[in-house]
file entry-v8.pdb (PDB, C-alpha atoms)
ATOM      1  CA  MET A1367     -65.757 -77.979 -73.976  1.00  0.00           C
ATOM      2  CA  ARG A1368     -67.447 -78.999 -70.732  1.00  0.00           C
ATOM      3  CA  ILE A1369     -69.231 -82.358 -70.580  1.00  0.00           C
ATOM      4  CA  GLY A1370     -72.117 -83.265 -68.306  1.00  0.00           C
ATOM      5  CA  VAL A1371     -72.779 -86.987 -67.964  1.00  0.00           C
ATOM      6  CA  LEU A1372     -76.249 -88.358 -67.212  1.00  0.00           C
ATOM      7  CA  ALA A1373     -76.152 -91.789 -65.525  1.00  0.00           C
ATOM      8  CA  SER A1374     -78.438 -94.074 -63.528  1.00  0.00           C
ATOM      9  CA  GLY A1375     -76.626 -97.273 -62.646  1.00  0.00           C
ATOM     10  CA  SER A1376     -73.361 -98.895 -61.736  1.00  0.00           C
ATOM     11  CA  GLY A1377     -71.328 -96.336 -63.639  1.00  0.00           C
ATOM     12  CA  THR A1378     -69.283 -98.682 -65.828  1.00  0.00           C
ATOM     13  CA  ILE A1379     -69.756 -96.481 -68.900  1.00  0.00           C
ATOM     14  CA  LEU A1380     -68.983 -93.450 -66.756  1.00  0.00           C
ATOM     15  CA  ALA A1381     -65.775 -95.164 -65.591  1.00  0.00           C
ATOM     16  CA  ALA A1382     -64.701 -95.579 -69.224  1.00  0.00           C
ATOM     17  CA  LEU A1383     -65.427 -91.893 -69.880  1.00  0.00           C
ATOM     18  CA  LEU A1384     -63.448 -90.888 -66.787  1.00  0.00           C
ATOM     19  CA  ASP A1385     -60.537 -93.143 -67.825  1.00  0.00           C
ATOM     20  CA  ALA A1386     -60.503 -91.359 -71.204  1.00  0.00           C
ATOM     21  CA  ASP A1387     -59.740 -88.090 -69.388  1.00  0.00           C
ATOM     22  CA  LEU A1388     -62.637 -86.266 -71.014  1.00  0.00           C
ATOM     23  CA  PRO A1389     -63.470 -82.763 -69.719  1.00  0.00           C
ATOM     24  CA  ILE A1390     -66.348 -83.932 -67.506  1.00  0.00           C
ATOM     25  CA  VAL A1391     -67.525 -81.257 -65.072  1.00  0.00           C
ATOM     26  CA  VAL A1392     -70.597 -82.927 -63.557  1.00  0.00           C
ATOM     27  CA  VAL A1393     -72.284 -86.312 -63.331  1.00  0.00           C
ATOM     28  CA  LEU A1394     -76.037 -86.106 -62.860  1.00  0.00           C
ATOM     29  CA  VAL A1395     -78.075 -89.134 -61.770  1.00  0.00           C
ATOM     30  CA  ASP A1396     -81.820 -89.681 -61.443  1.00  0.00           C
ATOM     31  CA  ARG A1397     -81.550 -92.009 -58.435  1.00  0.00           C
ATOM     32  CA  PRO A1398     -78.952 -92.898 -55.809  1.00  0.00           C
ATOM     33  CA  CYS A1399     -76.475 -95.194 -57.566  1.00  0.00           C
ATOM     34  CA  ALA A1400     -72.809 -96.158 -57.835  1.00  0.00           C
ATOM     35  CA  ALA A1401     -72.162 -93.568 -60.563  1.00  0.00           C
ATOM     36  CA  THR A1402     -72.083 -90.818 -57.934  1.00  0.00           C
ATOM     37  CA  GLU A1403     -69.312 -92.554 -55.992  1.00  0.00           C
ATOM     38  CA  ARG A1404     -67.311 -93.059 -59.197  1.00  0.00           C
ATOM     39  CA  ALA A1405     -67.649 -89.365 -60.031  1.00  0.00           C
ATOM     40  CA  ARG A1406     -66.681 -88.173 -56.564  1.00  0.00           C
ATOM     41  CA  ALA A1407     -63.697 -90.544 -56.455  1.00  0.00           C
ATOM     42  CA  ALA A1408     -62.498 -88.898 -59.683  1.00  0.00           C
ATOM     43  CA  GLY A1409     -62.944 -85.413 -58.224  1.00  0.00           C
ATOM     44  CA  ILE A1410     -65.989 -84.667 -60.400  1.00  0.00           C
ATOM     45  CA  ALA A1411     -69.130 -83.041 -59.017  1.00  0.00           C
ATOM     46  CA  ALA A1412     -72.045 -85.450 -58.627  1.00  0.00           C
ATOM     47  CA  GLU A1413     -75.632 -84.240 -58.490  1.00  0.00           C
ATOM     48  CA  ILE A1414     -78.736 -86.276 -57.749  1.00  0.00           C
ATOM     49  CA  VAL A1415     -81.883 -84.969 -59.427  1.00  0.00           C
ATOM     50  CA  GLU A1416     -84.059 -87.692 -58.042  1.00  0.00           C
ATOM     51  CA  ARG A1417     -87.261 -88.746 -59.733  1.00  0.00           C
ATOM     52  CA  ASP A1418     -90.191 -88.309 -57.427  1.00  0.00           C
ATOM     53  CA  SER A1419     -92.242 -90.974 -59.190  1.00  0.00           C
ATOM     54  CA  PHE A1420     -91.953 -93.867 -61.600  1.00  0.00           C
ATOM     55  CA  GLY A1421     -95.731 -93.985 -62.106  1.00  0.00           C
ATOM     56  CA  ASP A1422     -98.233 -92.286 -64.357  1.00  0.00           C
ATOM     57  CA  ASP A1423     -98.129 -89.178 -62.174  1.00  0.00           C
ATOM     58  CA  PHE A1424     -94.472 -88.462 -63.085  1.00  0.00           C
ATOM     59  CA  ASP A1425     -94.112 -84.893 -64.379  1.00  0.00           C
ATOM     60  CA  ARG A1426     -91.494 -85.475 -67.089  1.00  0.00           C
ATOM     61  CA  LEU A1427     -91.505 -81.850 -68.243  1.00  0.00           C
ATOM     62  CA  ALA A1428     -90.864 -80.423 -64.769  1.00  0.00           C
ATOM     63  CA  TYR A1429     -88.194 -83.056 -64.173  1.00  0.00           C
ATOM     64  CA  THR A1430     -86.460 -82.147 -67.445  1.00  0.00           C
ATOM     65  CA  HIS A1431     -86.356 -78.493 -66.394  1.00  0.00           C
ATOM     66  CA  ARG A1432     -84.659 -79.518 -63.129  1.00  0.00           C
ATOM     67  CA  VAL A1433     -82.026 -81.491 -65.060  1.00  0.00           C
ATOM     68  CA  VAL A1434     -81.366 -78.598 -67.461  1.00  0.00           C
ATOM     69  CA  ASP A1435     -81.031 -76.186 -64.533  1.00  0.00           C
ATOM     70  CA  VAL A1436     -78.262 -78.314 -63.000  1.00  0.00           C
ATOM     71  CA  LEU A1437     -76.413 -78.738 -66.312  1.00  0.00           C
ATOM     72  CA  GLU A1438     -76.566 -75.001 -66.992  1.00  0.00           C
ATOM     73  CA  ARG A1439     -75.274 -74.243 -63.498  1.00  0.00           C
ATOM     74  CA  TYR A1440     -72.089 -76.174 -64.417  1.00  0.00           C
ATOM     75  CA  GLY A1441     -71.717 -74.492 -67.803  1.00  0.00           C
ATOM     76  CA  VAL A1442     -72.116 -77.769 -69.691  1.00  0.00           C
ATOM     77  CA  ASP A1443     -71.526 -77.606 -73.462  1.00  0.00           C
ATOM     78  CA  LEU A1444     -72.103 -81.278 -74.341  1.00  0.00           C
ATOM     79  CA  VAL A1445     -74.363 -83.836 -72.648  1.00  0.00           C
ATOM     80  CA  ALA A1446     -73.285 -87.492 -72.630  1.00  0.00           C
ATOM     81  CA  MET A1447     -75.976 -89.986 -71.689  1.00  0.00           C
ATOM     82  CA  ALA A1448     -74.449 -93.028 -70.001  1.00  0.00           C
ATOM     83  CA  GLY A1449     -77.273 -95.409 -69.184  1.00  0.00           C
ATOM     84  CA  PHE A1450     -79.589 -92.658 -67.975  1.00  0.00           C
ATOM     85  CA  GLY A1451     -82.906 -94.319 -67.115  1.00  0.00           C
ATOM     86  CA  THR A1452     -85.240 -91.353 -67.617  1.00  0.00           C
ATOM     87  CA  ILE A1453     -86.438 -90.117 -70.991  1.00  0.00           C
ATOM     88  CA  LEU A1454     -86.252 -86.333 -71.052  1.00  0.00           C
ATOM     89  CA  GLU A1455     -88.534 -83.832 -72.760  1.00  0.00           C
ATOM     90  CA  LYS A1456     -88.048 -80.997 -75.245  1.00  0.00           C
ATOM     91  CA  PRO A1457     -86.415 -78.446 -72.880  1.00  0.00           C
ATOM     92  CA  ILE A1458     -83.125 -80.377 -72.842  1.00  0.00           C
ATOM     93  CA  HIS A1459     -83.083 -80.501 -76.634  1.00  0.00           C
ATOM     94  CA  ASP A1460     -83.807 -76.770 -76.735  1.00  0.00           C
ATOM     95  CA  ALA A1461     -80.966 -76.062 -74.291  1.00  0.00           C
ATOM     96  CA  TYR A1462     -78.473 -78.420 -76.021  1.00  0.00           C
ATOM     97  CA  PRO A1463     -79.494 -78.677 -79.692  1.00  0.00           C
ATOM     98  CA  GLY A1464     -77.337 -81.257 -81.461  1.00  0.00           C
ATOM     99  CA  ARG A1465     -75.179 -81.536 -78.339  1.00  0.00           C
ATOM    100  CA  ILE A1466     -76.651 -84.580 -76.583  1.00  0.00           C
ATOM    101  CA  VAL A1467     -74.917 -87.880 -77.278  1.00  0.00           C
ATOM    102  CA  ASN A1468     -76.214 -91.327 -76.343  1.00  0.00           C
ATOM    103  CA  THR A1469     -74.969 -94.871 -76.548  1.00  0.00           C
ATOM    104  CA  HIS A1470     -77.375 -97.713 -77.321  1.00  0.00           C
ATOM    105  CA  PRO A1471     -76.856-101.505 -77.091  1.00  0.00           C
ATOM    106  CA  ALA A1472     -77.968-102.364 -80.632  1.00  0.00           C
ATOM    107  CA  LEU A1473     -77.233-101.437 -84.224  1.00  0.00           C
ATOM    108  CA  LEU A1474     -79.795 -98.691 -84.699  1.00  0.00           C
ATOM    109  CA  PRO A1475     -82.264 -98.313 -86.289  1.00  0.00           C
ATOM    110  CA  ALA A1476     -82.882-101.926 -85.156  1.00  0.00           C
ATOM    111  CA  PHE A1477     -84.049-102.659 -81.612  1.00  0.00           C
ATOM    112  CA  LYS A1478     -84.808 -99.224 -80.235  1.00  0.00           C
ATOM    113  CA  GLY A1479     -85.798 -98.789 -76.618  1.00  0.00           C
ATOM    114  CA  TRP A1480     -84.911-100.075 -73.191  1.00  0.00           C
ATOM    115  CA  HIS A1481     -85.026-103.837 -74.032  1.00  0.00           C
ATOM    116  CA  ALA A1482     -82.752-103.815 -77.088  1.00  0.00           C
ATOM    117  CA  VAL A1483     -80.616-106.783 -76.026  1.00  0.00           C
ATOM    118  CA  GLU A1484     -83.642-108.930 -75.144  1.00  0.00           C
ATOM    119  CA  ASP A1485     -85.307-107.931 -78.397  1.00  0.00           C
ATOM    120  CA  ALA A1486     -82.220-108.860 -80.455  1.00  0.00           C
ATOM    121  CA  LEU A1487     -82.076-112.300 -78.837  1.00  0.00           C
ATOM    122  CA  ALA A1488     -85.814-112.826 -79.303  1.00  0.00           C
ATOM    123  CA  ALA A1489     -85.512-111.911 -82.996  1.00  0.00           C
ATOM    124  CA  GLY A1490     -82.772-114.510 -83.489  1.00  0.00           C
ATOM    125  CA  VAL A1491     -80.327-112.115 -85.151  1.00  0.00           C
ATOM    126  CA  LYS A1492     -76.760-113.291 -85.667  1.00  0.00           C
ATOM    127  CA  VAL A1493     -75.256-109.829 -85.123  1.00  0.00           C
ATOM    128  CA  THR A1494     -76.194-106.890 -82.936  1.00  0.00           C
ATOM    129  CA  GLY A1495     -73.882-104.249 -81.515  1.00  0.00           C
ATOM    130  CA  CYS A1496     -73.441-100.764 -80.165  1.00  0.00           C
ATOM    131  CA  THR A1497     -74.459 -97.404 -81.609  1.00  0.00           C
ATOM    132  CA  VAL A1498     -73.296 -93.959 -80.529  1.00  0.00           C
ATOM    133  CA  HIS A1499     -75.697 -91.304 -81.779  1.00  0.00           C
ATOM    134  CA  TYR A1500     -77.014 -87.828 -81.205  1.00  0.00           C
ATOM    135  CA  ALA A1501     -80.109 -87.964 -79.024  1.00  0.00           C
ATOM    136  CA  THR A1502     -83.301 -86.376 -80.303  1.00  0.00           C
ATOM    137  CA  LEU A1503     -86.831 -86.100 -78.945  1.00  0.00           C
ATOM    138  CA  GLU A1504     -87.635 -89.366 -80.709  1.00  0.00           C
ATOM    139  CA  VAL A1505     -86.014 -92.102 -78.596  1.00  0.00           C
ATOM    140  CA  ASP A1506     -83.015 -93.822 -80.242  1.00  0.00           C
ATOM    141  CA  ASP A1507     -83.642 -92.023 -83.520  1.00  0.00           C
ATOM    142  CA  GLY A1508     -80.925 -89.360 -83.839  1.00  0.00           C
ATOM    143  CA  PRO A1509     -78.076 -89.184 -86.355  1.00  0.00           C
ATOM    144  CA  ILE A1510     -75.570 -92.019 -85.929  1.00  0.00           C
ATOM    145  CA  LEU A1511     -71.975 -91.102 -85.067  1.00  0.00           C
ATOM    146  CA  ALA A1512     -70.482 -94.617 -84.844  1.00  0.00           C
ATOM    147  CA  GLN A1513     -71.483 -98.265 -84.731  1.00  0.00           C
ATOM    148  CA  GLU A1514     -69.682-101.506 -84.054  1.00  0.00           C
ATOM    149  CA  PRO A1515     -71.104-105.007 -84.497  1.00  0.00           C
ATOM    150  CA  VAL A1516     -71.108-107.701 -81.822  1.00  0.00           C
ATOM    151  CA  PRO A1517     -71.830-111.309 -82.819  1.00  0.00           C
ATOM    152  CA  VAL A1518     -74.680-113.125 -81.105  1.00  0.00           C
ATOM    153  CA  LEU A1519     -73.402-116.511 -79.916  1.00  0.00           C
ATOM    154  CA  PRO A1520     -75.620-119.634 -79.838  1.00  0.00           C
ATOM    155  CA  ASP A1521     -75.462-119.889 -76.024  1.00  0.00           C
ATOM    156  CA  ASP A1522     -75.900-116.163 -75.313  1.00  0.00           C
ATOM    157  CA  THR A1523     -78.150-114.974 -72.529  1.00  0.00           C
ATOM    158  CA  VAL A1524     -79.330-111.392 -72.165  1.00  0.00           C
ATOM    159  CA  GLU A1525     -76.601-110.905 -69.548  1.00  0.00           C
ATOM    160  CA  SER A1526     -73.717-112.420 -71.549  1.00  0.00           C
ATOM    161  CA  LEU A1527     -74.637-110.588 -74.760  1.00  0.00           C
ATOM    162  CA  HIS A1528     -75.179-107.300 -72.939  1.00  0.00           C
ATOM    163  CA  GLU A1529     -71.781-107.590 -71.258  1.00  0.00           C
ATOM    164  CA  ARG A1530     -70.033-108.107 -74.633  1.00  0.00           C
ATOM    165  CA  ILE A1531     -71.889-105.093 -76.025  1.00  0.00           C
ATOM    166  CA  LYS A1532     -70.827-103.055 -72.978  1.00  0.00           C
ATOM    167  CA  GLU A1533     -67.189-103.986 -73.637  1.00  0.00           C
ATOM    168  CA  VAL A1534     -67.491-102.401 -77.087  1.00  0.00           C
ATOM    169  CA  GLU A1535     -69.469 -99.471 -75.690  1.00  0.00           C
ATOM    170  CA  ARG A1536     -66.811 -98.721 -73.051  1.00  0.00           C
ATOM    171  CA  ARG A1537     -64.237 -98.395 -75.851  1.00  0.00           C
ATOM    172  CA  LEU A1538     -66.299 -96.815 -78.650  1.00  0.00           C
ATOM    173  CA  TYR A1539     -68.208 -94.173 -76.666  1.00  0.00           C
ATOM    174  CA  PRO A1540     -65.174 -92.426 -75.113  1.00  0.00           C
ATOM    175  CA  THR A1541     -63.451 -92.444 -78.509  1.00  0.00           C
ATOM    176  CA  VAL A1542     -66.401 -90.727 -80.193  1.00  0.00           C
ATOM    177  CA  LEU A1543     -66.737 -88.159 -77.397  1.00  0.00           C
ATOM    178  CA  ALA A1544     -62.991 -87.413 -77.524  1.00  0.00           C
ATOM    179  CA  GLN A1545     -63.323 -86.822 -81.282  1.00  0.00           C
ATOM    180  CA  LEU A1546     -66.224 -84.420 -80.717  1.00  0.00           C
ATOM    181  CA  VAL A1547     -64.198 -82.517 -78.100  1.00  0.00           C
ATOM    182  CA  ALA A1548     -61.141 -82.372 -80.396  1.00  0.00           C
ATOM    183  CA  ASN A1549     -63.263 -81.143 -83.318  1.00  0.00           C
ATOM    184  CA  GLU A1550     -64.787 -78.420 -81.152  1.00  0.00           C
ATOM    185  CA  GLU A1551     -61.397 -77.346 -79.810  1.00  0.00           C
ATOM    186  CA  GLY A1552     -60.074 -77.263 -83.376  1.00  0.00           C
ATOM    187  CA  ARG A1553     -62.768 -74.722 -84.273  1.00  0.00           C
ATOM    188  CA  ALA A1554     -62.025 -72.475 -81.296  1.00  0.00           C
TER     189      ALA A1554
END

call {"tool": "encode", "arguments": {"input": "entry-v8.pdb", "output": "structure tokens"}}
result
Amino acid sequence: MRIGVLASGSGTILAALLDADLPIVVVLVDRPCAATERARAAGIAAEIVERDSFGDDFDRLAYTHRVVDVLERYGVDLVAMAGFGTILEKPIHDAYPGRIVNTHPALLPAFKGWHAVEDALAAGVKVTGCTVHYATLEVDDGPILAQEPVPVLPDDTVESLHERIKEVERRLYPTVLAQLVANEEGRA
């Protein structure tokens, strides 16, 4: 099983995946970011498939084809999204049906989308958390693999709550991916 990781930021989730000694063969990012340095330091190939636009003129379909081309070049079997900031189109789901995994900072189906932590705080919930799920064309809507709650504290800010969720995410996500790899190897 060969894993391709899609990342966009500081690479803290990627670091947890690397520490778990998962069979990662490539890290693909949509913008220059720290995740590429983390990958290279671990001896993993890092590819930048940079977005040419963040405006209305962005060709999401063409971009998705570029991402799939890179993943296929590395023989990726499973795609792990680790804070990837670009929503991808149907071609990636066609290329990797039921083999794209995402982590989300909320207890899905609550608080879908990019502002899940802010939305949880604004709603006044007492508990939120982390969900690991299969990604589908519908954002944050795929089958759930694992969830873990995180309490919302009275003095929480978006930053403090998000950091506590990330602590859970950095433990839960590698565990789920390792289970998927072990299950696949058990079938081989």

call {"tool": "residues_near_point", "arguments": {"input": "entry-v8.pdb", "point": "(-74.6, -101.3, -73.8)", "cutoff": "8 Å", "atoms": "all atoms listed in the file", "output": "list of chain:residue names"}}
result
A:Gly1449, A:Thr1469, A:His1470, A:Pro1471, A:Ala1472, A:Cys1496, A:His1528, A:Glu1529, A:Ile1531, A:Lys1532, A:Glu1533, A:Val1534, A:Glu1535

call {"tool": "closest_atom_pairs", "arguments": {"input": "entry-v8.pdb", "of": "range 1461-1508 of chain A", "to": "range 1429-1443 of chain A", "cutoff": "10 Å", "atoms": "only C-alpha atoms", "output": "CSV"}}
result
residue,atom,partner,partner_atom,distance
A:Ala1461,CA,A:Val1434,CA,7.3
A:Tyr1462,CA,A:Asp1443,CA,7.4
A:Arg1465,CA,A:Asp1443,CA,7.3
A:Ile1466,CA,A:Asp1443,CA,9.2

call {"tool": "closest_atom_pairs", "arguments": {"input": "entry-v8.pdb", "of": "range 1450-1511 of chain A", "to": "range 1420-1428 of chain A", "cutoff": "12 Å", "atoms": "only C-alpha atoms", "output": "tab-separated table"}}
result
residue	atom	partner	partner_atom	distance
A:Gly1451	CA	A:Phe1420	CA	10.6
A:Thr1452	CA	A:Arg1426	CA	8.6
A:Ile1453	CA	A:Arg1426	CA	7.9
A:Leu1454	CA	A:Arg1426	CA	6.6
A:Glu1455	CA	A:Leu1427	CA	5.8
A:Lys1456	CA	A:Leu1427	CA	7.9
A:Pro1457	CA	A:Leu1427	CA	7.7
A:Ile1458	CA	A:Leu1427	CA	9.7
A:His1459	CA	A:Leu1427	CA	12.0

call {"tool": "resolve_selection", "arguments": {"input": "entry-v8.pdb", "expression": "the PyMOL selection byres ((chain A and resi 1414) around 8)", "output": "PyMOL selection string"}}
result
chain A and resi 1394-1398+1412-1413+1415-1416

call {"tool": "resolve_selection", "arguments": {"input": "entry-v8.pdb", "expression": "the PyMOL selection byres ((chain A and resi 1399-1401) around 9)", "output": "PDB file with C-alpha atoms, in the frame of the given file"}}
result
ATOM      1  CA  ALA A1373     -76.152 -91.789 -65.525  1.00  0.00           C
ATOM      2  CA  SER A1374     -78.438 -94.074 -63.528  1.00  0.00           C
ATOM      3  CA  GLY A1375     -76.626 -97.273 -62.646  1.00  0.00           C
ATOM      4  CA  SER A1376     -73.361 -98.895 -61.736  1.00  0.00           C
ATOM      5  CA  GLY A1377     -71.328 -96.336 -63.639  1.00  0.00           C
ATOM      6  CA  THR A1378     -69.283 -98.682 -65.828  1.00  0.00           C
ATOM      7  CA  LEU A1380     -68.983 -93.450 -66.756  1.00  0.00           C
ATOM      8  CA  ALA A1381     -65.775 -95.164 -65.591  1.00  0.00           C
ATOM      9  CA  VAL A1393     -72.284 -86.312 -63.331  1.00  0.00           C
ATOM     10  CA  LEU A1394     -76.037 -86.106 -62.860  1.00  0.00           C
ATOM     11  CA  VAL A1395     -78.075 -89.134 -61.770  1.00  0.00           C
ATOM     12  CA  ASP A1396     -81.820 -89.681 -61.443  1.00  0.00           C
ATOM     13  CA  ARG A1397     -81.550 -92.009 -58.435  1.00  0.00           C
ATOM     14  CA  PRO A1398     -78.952 -92.898 -55.809  1.00  0.00           C
ATOM     15  CA  THR A1402     -72.083 -90.818 -57.934  1.00  0.00           C
ATOM     16  CA  GLU A1403     -69.312 -92.554 -55.992  1.00  0.00           C
ATOM     17  CA  ARG A1404     -67.311 -93.059 -59.197  1.00  0.00           C
ATOM     18  CA  ALA A1405     -67.649 -89.365 -60.031  1.00  0.00           C
ATOM     19  CA  ARG A1406     -66.681 -88.173 -56.564  1.00  0.00           C
ATOM     20  CA  ALA A1412     -72.045 -85.450 -58.627  1.00  0.00           C
TER      21      ALA A1412
END

call {"tool": "resolve_selection", "arguments": {"input": "entry-v8.pdb", "expression": "the PyMOL selection byres ((chain A and resi 1510) around 9)", "output": "JSON, numbers by chain"}}
result
{"A": [1474, 1497, 1498, 1499, 1500, 1507, 1508, 1509, 1511, 1512, 1513]}

call {"tool": "residues_around", "arguments": {"input": "entry-v8.pdb", "residues": "Gly1479 in chain A", "least_positions_apart": "2", "cutoff": "9 Å", "atoms": "only C-alpha atoms", "output": "VMD selection string"}}
result
chain A and resid 1470 1477 1481 to 1482 1505 to 1506

call {"tool": "residues_around", "arguments": {"input": "entry-v8.pdb", "residues": "Asp1387 in chain A", "least_positions_apart": "3", "cutoff": "10 Å", "atoms": "only C-alpha atoms", "output": "list in words"}}
result
Ala1382, Leu1383, Leu1384, Ile1390, Pro1540 and Ala1544 of chain A

call {"tool": "atom_distance", "arguments": {"input": "entry-v8.pdb", "atom1": "CA of Val1371 in chain A", "atom2": "CA of Ala1501 in chain A"}}
result
13.3 Å

call {"tool": "build_atoms", "arguments": {"input": "entry-v8.pdb", "residues": "range 1442-1460 of chain A", "atoms": "N, CA and C atoms", "output": "PDB file, in the coordinates of the input"}}
result
ATOM      1  N   VAL A1442     -72.292 -76.618 -68.806  1.00  0.00           N
ATOM      2  CA  VAL A1442     -72.116 -77.769 -69.691  1.00  0.00           C
ATOM      3  C   VAL A1442     -72.322 -77.357 -71.149  1.00  0.00           C
ATOM      4  N   ASP A1443     -71.434 -77.839 -72.014  1.00  0.00           N
ATOM      5  CA  ASP A1443     -71.526 -77.606 -73.462  1.00  0.00           C
ATOM      6  C   ASP A1443     -72.065 -78.822 -74.208  1.00  0.00           C
ATOM      7  N   LEU A1444     -71.746 -80.017 -73.685  1.00  0.00           N
ATOM      8  CA  LEU A1444     -72.103 -81.278 -74.341  1.00  0.00           C
ATOM      9  C   LEU A1444     -72.643 -82.221 -73.273  1.00  0.00           C
ATOM     10  N   VAL A1445     -73.753 -82.893 -73.580  1.00  0.00           N
ATOM     11  CA  VAL A1445     -74.363 -83.836 -72.648  1.00  0.00           C
ATOM     12  C   VAL A1445     -74.107 -85.251 -73.163  1.00  0.00           C
ATOM     13  N   ALA A1446     -73.548 -86.093 -72.290  1.00  0.00           N
ATOM     14  CA  ALA A1446     -73.285 -87.492 -72.630  1.00  0.00           C
ATOM     15  C   ALA A1446     -74.188 -88.369 -71.772  1.00  0.00           C
ATOM     16  N   MET A1447     -75.092 -89.076 -72.413  1.00  0.00           N
ATOM     17  CA  MET A1447     -75.976 -89.986 -71.689  1.00  0.00           C
ATOM     18  C   MET A1447     -75.260 -91.321 -71.528  1.00  0.00           C
ATOM     19  N   ALA A1448     -75.188 -91.796 -70.292  1.00  0.00           N
ATOM     20  CA  ALA A1448     -74.449 -93.028 -70.001  1.00  0.00           C
ATOM     21  C   ALA A1448     -75.347 -93.958 -69.189  1.00  0.00           C
ATOM     22  N   GLY A1449     -76.341 -94.517 -69.858  1.00  0.00           N
ATOM     23  CA  GLY A1449     -77.273 -95.409 -69.184  1.00  0.00           C
ATOM     24  C   GLY A1449     -78.279 -94.673 -68.336  1.00  0.00           C
ATOM     25  N   PHE A1450     -78.621 -93.454 -68.728  1.00  0.00           N
ATOM     26  CA  PHE A1450     -79.589 -92.658 -67.975  1.00  0.00           C
ATOM     27  C   PHE A1450     -80.968 -93.269 -68.164  1.00  0.00           C
ATOM     28  N   GLY A1451     -81.665 -93.566 -67.056  1.00  0.00           N
ATOM     29  CA  GLY A1451     -82.906 -94.319 -67.115  1.00  0.00           C
ATOM     30  C   GLY A1451     -84.171 -93.505 -67.291  1.00  0.00           C
ATOM     31  N   THR A1452     -84.054 -92.197 -67.472  1.00  0.00           N
ATOM     32  CA  THR A1452     -85.240 -91.353 -67.617  1.00  0.00           C
ATOM     33  C   THR A1452     -85.224 -90.669 -68.977  1.00  0.00           C
ATOM     34  N   ILE A1453     -86.303 -90.820 -69.715  1.00  0.00           N
ATOM     35  CA  ILE A1453     -86.438 -90.117 -70.991  1.00  0.00           C
ATOM     36  C   ILE A1453     -86.787 -88.667 -70.679  1.00  0.00           C
ATOM     37  N   LEU A1454     -86.059 -87.754 -71.305  1.00  0.00           N
ATOM     38  CA  LEU A1454     -86.252 -86.333 -71.052  1.00  0.00           C
ATOM     39  C   LEU A1454     -87.062 -85.680 -72.167  1.00  0.00           C
ATOM     40  N   GLU A1455     -87.651 -84.553 -71.843  1.00  0.00           N
ATOM     41  CA  GLU A1455     -88.534 -83.832 -72.760  1.00  0.00           C
ATOM     42  C   GLU A1455     -87.794 -82.738 -73.544  1.00  0.00           C
ATOM     43  N   LYS A1456     -88.537 -82.015 -74.322  1.00  0.00           N
ATOM     44  CA  LYS A1456     -88.048 -80.997 -75.245  1.00  0.00           C
ATOM     45  C   LYS A1456     -87.108 -79.949 -74.637  1.00  0.00           C
ATOM     46  N   PRO A1457     -87.305 -79.495 -73.396  1.00  0.00           N
ATOM     47  CA  PRO A1457     -86.415 -78.446 -72.880  1.00  0.00           C
ATOM     48  C   PRO A1457     -84.916 -78.794 -72.919  1.00  0.00           C
ATOM     49  N   ILE A1458     -84.560 -80.058 -72.776  1.00  0.00           N
ATOM     50  CA  ILE A1458     -83.125 -80.377 -72.842  1.00  0.00           C
ATOM     51  C   ILE A1458     -82.620 -80.279 -74.276  1.00  0.00           C
ATOM     52  N   HIS A1459     -83.475 -80.599 -75.224  1.00  0.00           N
ATOM     53  CA  HIS A1459     -83.083 -80.501 -76.634  1.00  0.00           C
ATOM     54  C   HIS A1459     -83.035 -79.038 -77.079  1.00  0.00           C
ATOM     55  N   ASP A1460     -83.858 -78.208 -76.464  1.00  0.00           N
ATOM     56  CA  ASP A1460     -83.807 -76.770 -76.735  1.00  0.00           C
ATOM     57  C   ASP A1460     -82.532 -76.159 -76.154  1.00  0.00           C
TER      58      ASP A1460
END
